[in-house]
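Trainee: Can you keep this structure in mind? I'll have questions shortly.
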Amino acid sequence: MSHFIAVDAGGTQLRAACYPNIGSDPLISRRIPTQSLESRPVERLLSLIKSVWPEQGDVDAIGLAVPGAVNPYEGCVYVSPNIPGWVDLPLRKIVQEEFKTPTAVGNDANLAALGEWRFGAGQGHHNLIYFTISTGIGGGVIENDRLLLGQRGLAAEVGHIMVDPDGPICGCGQRGHLEAIASGPAIARWVTAQIAAGTESCLKGDPSITAREVAEAARKGDALSCAAFERAGFWFGRTLADFLHLFNPSVVVLGGGVTRSGELIFKPIRASVEKHTMSHMYYQDLVITRAQLGDDAGLVGALTLAHSLV
């Protein structure tokens with residue numbers, strides 16, 4: 001029996017799973033902390049892969065999802081900011097030489113798009129845009145059943161589209177990016193700033209406020225919290241309209257923690273899309289839906305990448 005192994009590497013934890021030749025239900029899966037005093041993240045990753053290796057049968061391919069700037073053609077991690085030492089790391093070469101198995105590496109948000117297209121909310125669609133709206137905003141684009149990568153594999157950094165030249169500074173150092181306006185922390189920061197400026201709210205003006213708490217307050221009718229999601233949804237929908245003009249997808253899949261707020265974010269997104277697209281032809285049959293794979297999106301995307309090697 002043949003198998004595939006998928007790995008989702010994050011700054012907090014490493015996850016790996018072994019899958020049968022068909023399907024996306026793992027035979028075995030494990031997770032461990034990314035960092036340890038005893039071993040480096042690369043060594044821990046290799047050990048984790050060994051722990052899910054099947055006792056019988058072959059492994060046809062290994063797929064790895066990695067956060068940060070990744071060159072999927074060379075299998076090199078340019079930089080993964082939250083994993084110490086992962087700078088100009090030839091990860092594919094390291095894994096491939098260790099296991100003598102075809103290996104591929106991709107950006108985790110790109111691969112989440114691939115996973116949703118193959119096994120999740122994007123099944124049956126040929127043109128898809130995927131966004132994850134969480135601590136940051138990332139995503140990927142599927143065009144005619146192919147993942148859009150670009151010259152160096154750095155395409156579709158959807159969170160770093162400049163939407164407001166006078167907007168707040170993004171974590172990347174640039175001003176007015178979508179991530180700086182519509183991510184979870186950005187929503188919470190805006191609420192905190194408005195409270196500090198004198199706006200009334202049932203929330204306290206505490207820097208530790210989270211987007212989840214803002215969503216809970218909005219559901220209770222807090223006007224400022226509702227306005228925070230209206231604002232984020234407006235800017236997100238305006239940016240999404242630009243993506244519709246560029247790629248004309250049939251489905252937009254939205255994942256990440258902020259989407260758990262449901263219609264608080266989806267309603268203003270849809271309204272903004274309709275307002276900012278040049279023609280109803282772009283959205284009249286468009287499906288805008290929540291992701292189905294949840295935290296497994298990167299792992300399933302890595303599986304889909306592994307499938308492409310055979």
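Following the order of the structure tokens, first chain is A, next is B, and so on, with residues numbered from 1 inside each chain and ligands from 1 in the order they appear.
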Compile the contact shell of region 189-199 of chain A as a PyMOL selection string: residues with an atom at most 9 Å away, counting only C-alpha atoms, same-chain residues fewer than 3 positions apart removed.
Mentor: chain A and resi 181+184-186+203-211+214+224-225+227-228
Trainee: Print the selection's residues with C-alpha atoms to a file, as a tab-separated table (two decimals), in the first residue's frame.
Mentor:
```tsv
chain	number	residue	atom	x	y	z
A	181	ILE	CA	-6.85	47.25	8.70
A	184	GLY	CA	-8.06	40.27	13.95
A	185	PRO	CA	-5.48	42.37	15.84
A	186	ALA	CA	-6.20	45.35	13.55
A	203	LEU	CA	-15.56	47.06	26.25
A	204	LYS	CA	-12.75	48.53	28.30
A	205	GLY	CA	-9.99	50.37	26.44
A	206	ASP	CA	-7.52	47.61	27.22
A	207	PRO	CA	-4.70	46.83	24.73
A	208	SER	CA	-5.37	43.14	25.35
A	209	ILE	CA	-8.83	43.29	23.71
A	210	THR	CA	-9.19	40.60	21.03
A	211	ALA	CA	-11.29	40.45	17.87
A	214	VAL	CA	-15.16	42.62	19.88
A	224	LEU	CA	-18.54	50.61	18.42
A	225	SER	CA	-17.90	46.89	18.03
A	227	ALA	CA	-18.74	49.64	13.55
A	228	ALA	CA	-15.39	47.85	13.82
```
Trainee: Just want the 6 Å neighbourhood of region 138-144 of chain A, counted on only C-alpha atoms, with same-chain residues fewer than 2 positions away dropped. Output as a PDB file with C-alpha atoms, in the first residue's frame.
Mentor:
```pdb
ATOM      1  CA  ALA A 109      -1.429  30.073   3.015  1.00  0.00           C
ATOM      2  CA  ASN A 110      -0.973  29.137  -0.657  1.00  0.00           C
ATOM      3  CA  ALA A 113      -5.948  27.534  -0.814  1.00  0.00           C
ATOM      4  CA  HIS A 126     -11.767  25.814 -11.326  1.00  0.00           C
ATOM      5  CA  ASN A 127     -11.065  29.418 -10.293  1.00  0.00           C
ATOM      6  CA  LEU A 128     -10.815  30.216  -6.585  1.00  0.00           C
ATOM      7  CA  ILE A 129      -9.505  32.884  -4.261  1.00  0.00           C
ATOM      8  CA  TYR A 130      -8.767  31.956  -0.658  1.00  0.00           C
ATOM      9  CA  PHE A 131      -8.166  34.351   2.240  1.00  0.00           C
ATOM     10  CA  THR A 132      -7.355  33.528   5.827  1.00  0.00           C
ATOM     11  CA  ARG A 146      -3.491  25.655 -11.012  1.00  0.00           C
ATOM     12  CA  LEU A 147      -2.051  27.382  -7.957  1.00  0.00           C
ATOM     13  CA  LEU A 148      -0.737  30.826  -8.874  1.00  0.00           C
ATOM     14  CA  ALA A 156      -0.677  36.154  -3.866  1.00  0.00           C
ATOM     15  CA  VAL A 158      -3.101  39.077  -0.424  1.00  0.00           C
ATOM     16  CA  GLY A 159      -2.743  40.697   2.995  1.00  0.00           C
TER      17      GLY A 159
END
```
Trainee: Could you tell me, as number ranges by chain, which residues of region 7-249 of chain A DSSP assigns to strand (DSSP E) when given the backbone?
Mentor: A: 7-9, 13-20, 28-33, 58-66, 69-71, 76-79, 87-89, 103-107, 128-133, 137-143, 146-147
Trainee: Counting only C-alpha atoms, figure out which residue out of A:Val300, A:Ala121, A:Val310, A:Leu240 gets nearest to Pro26 (chain A).
Mentor: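 Nearest to Pro26 (chain A): A:Val300.
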Trainee: Which of these, A:Ile288, A:Ala6, A:Leu27, A:Ile22, has the shortest distance to Leu305 (chain A) once you count only C-alpha atoms?
Mentor: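 Under the stated criterion, the closest residue is A:Ala6.
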Trainee: Residues within 12 Å of Ala61 (chain A), please, as a PyMOL selection string. Count only C-alpha atoms; anything in the same chain fewer than 5 positions from it doesn't count.
Mentor: chain A and resi 2-7+18-21+49+53+92+95-96+99-105+302-310
Trainee: Would you pick out the contacts of Leu91 (chain A) at 12 Å or less, using only C-alpha atoms, so that residues sharing its chain but fewer than 5 positions from it are not included, and give the list as a PyMOL selection string?
Mentor: chain A and resi 9+41-43+45-46+62-66+70-80+85-86+96-98+103-106
Trainee: Considering only C-alpha atoms, state which residue in the set A:Gly233, A:Pro84, A:Ser24, A:Ala16 is at the smallest distance from Arg118 (chain A).
Mentor: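 When distances to Arg118 (chain A) are compared using only C-alpha atoms, the smallest one comes from A:Ser24.
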Trainee: Running DSSP on the backbone, which parts of region 162-214 of chain A land in helix (DSSP H, G or I), as JSON, numbers by chain?
Mentor: {"A": [179, 180, 181, 182, 184, 185, 186, 187, 188, 189, 190, 191, 192, 193, 194, 195, 196, 211, 212, 213, 214]}
Trainee: Next, write the just-selected residues to a file, as an mmCIF file, in the first residue's frame, keeping N, CA and C atoms as the atom set.
Mentor:
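Below you can see again-v4.cif, which holds the result:
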```cif
data_model
loop_
_atom_site.group_PDB
_atom_site.id
_atom_site.type_symbol
_atom_site.label_atom_id
_atom_site.label_comp_id
_atom_site.auth_asym_id
_atom_site.auth_seq_id
_atom_site.Cartn_x
_atom_site.Cartn_y
_atom_site.Cartn_z
ATOM 1 N N GLU A 179 -3.863 43.867 5.776
ATOM 2 C CA GLU A 179 -3.622 43.189 7.051
ATOM 3 C C GLU A 179 -3.639 44.166 8.226
ATOM 4 N N ALA A 180 -3.195 45.391 7.992
ATOM 5 C CA ALA A 180 -3.143 46.394 9.052
ATOM 6 C C ALA A 180 -4.508 46.985 9.364
ATOM 7 N N ILE A 181 -5.511 46.670 8.536
ATOM 8 C CA ILE A 181 -6.848 47.251 8.695
ATOM 9 C C ILE A 181 -7.908 46.210 9.046
ATOM 10 N N ALA A 182 -7.792 44.998 8.473
ATOM 11 C CA ALA A 182 -8.896 44.038 8.588
ATOM 12 C C ALA A 182 -8.525 42.729 9.278
ATOM 13 N N GLY A 184 -7.513 40.297 12.598
ATOM 14 C CA GLY A 184 -8.056 40.271 13.952
ATOM 15 C C GLY A 184 -7.433 41.317 14.863
ATOM 16 N N PRO A 185 -6.103 41.359 14.986
ATOM 17 C CA PRO A 185 -5.480 42.369 15.841
ATOM 18 C C PRO A 185 -5.781 43.797 15.382
ATOM 19 N N ALA A 186 -5.904 44.011 14.058
ATOM 20 C CA ALA A 186 -6.196 45.348 13.546
ATOM 21 C C ALA A 186 -7.586 45.805 13.978
ATOM 22 N N ILE A 187 -8.554 44.893 13.943
ATOM 23 C CA ILE A 187 -9.908 45.213 14.403
ATOM 24 C C ILE A 187 -9.878 45.602 15.878
ATOM 25 N N ALA A 188 -9.154 44.824 16.687
ATOM 26 C CA ALA A 188 -9.084 45.096 18.126
ATOM 27 C C ALA A 188 -8.353 46.415 18.402
ATOM 28 N N ARG A 189 -7.279 46.684 17.655
ATOM 29 C CA ARG A 189 -6.525 47.935 17.864
ATOM 30 C C ARG A 189 -7.392 49.153 17.554
ATOM 31 N N TRP A 190 -8.203 49.054 16.496
ATOM 32 C CA TRP A 190 -9.058 50.185 16.135
ATOM 33 C C TRP A 190 -10.073 50.464 17.230
ATOM 34 N N VAL A 191 -10.656 49.416 17.793
ATOM 35 C CA VAL A 191 -11.614 49.590 18.885
ATOM 36 C C VAL A 191 -10.938 50.242 20.089
ATOM 37 N N THR A 192 -9.757 49.751 20.433
ATOM 38 C CA THR A 192 -9.020 50.314 21.570
ATOM 39 C C THR A 192 -8.739 51.801 21.357
ATOM 40 N N ALA A 193 -8.326 52.156 20.135
ATOM 41 C CA ALA A 193 -8.020 53.560 19.825
ATOM 42 C C ALA A 193 -9.268 54.435 19.911
ATOM 43 N N GLN A 194 -10.404 53.918 19.447
ATOM 44 C CA GLN A 194 -11.642 54.694 19.494
ATOM 45 C C GLN A 194 -12.101 54.917 20.930
ATOM 46 N N ILE A 195 -11.923 53.903 21.778
ATOM 47 C CA ILE A 195 -12.287 54.051 23.195
ATOM 48 C C ILE A 195 -11.383 55.094 23.844
ATOM 49 N N ALA A 196 -10.082 55.042 23.515
ATOM 50 C CA ALA A 196 -9.131 56.015 24.066
ATOM 51 C C ALA A 196 -9.475 57.434 23.631
ATOM 52 N N ALA A 211 -10.190 40.373 18.844
ATOM 53 C CA ALA A 211 -11.290 40.446 17.874
ATOM 54 C C ALA A 211 -12.456 39.572 18.311
ATOM 55 N N ARG A 212 -12.166 38.488 18.988
ATOM 56 C CA ARG A 212 -13.250 37.624 19.483
ATOM 57 C C ARG A 212 -14.110 38.378 20.489
ATOM 58 N N GLU A 213 -13.474 39.125 21.378
ATOM 59 C CA GLU A 213 -14.227 39.904 22.359
ATOM 60 C C GLU A 213 -15.016 41.023 21.681
ATOM 61 N N VAL A 214 -14.440 41.598 20.637
ATOM 62 C CA VAL A 214 -15.158 42.623 19.879
ATOM 63 C C VAL A 214 -16.402 42.011 19.222
#
```
Trainee: Would you mind telling me which residue in A:Met1, A:Ile137, A:Leu89, A:Ile269 lies nearest to Asp58 (chain A) when using only C-alpha atoms?
Mentor: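 Among A:Met1, A:Ile137, A:Leu89, A:Ile269, it is A:Met1 that comes nearest to Asp58 (chain A).
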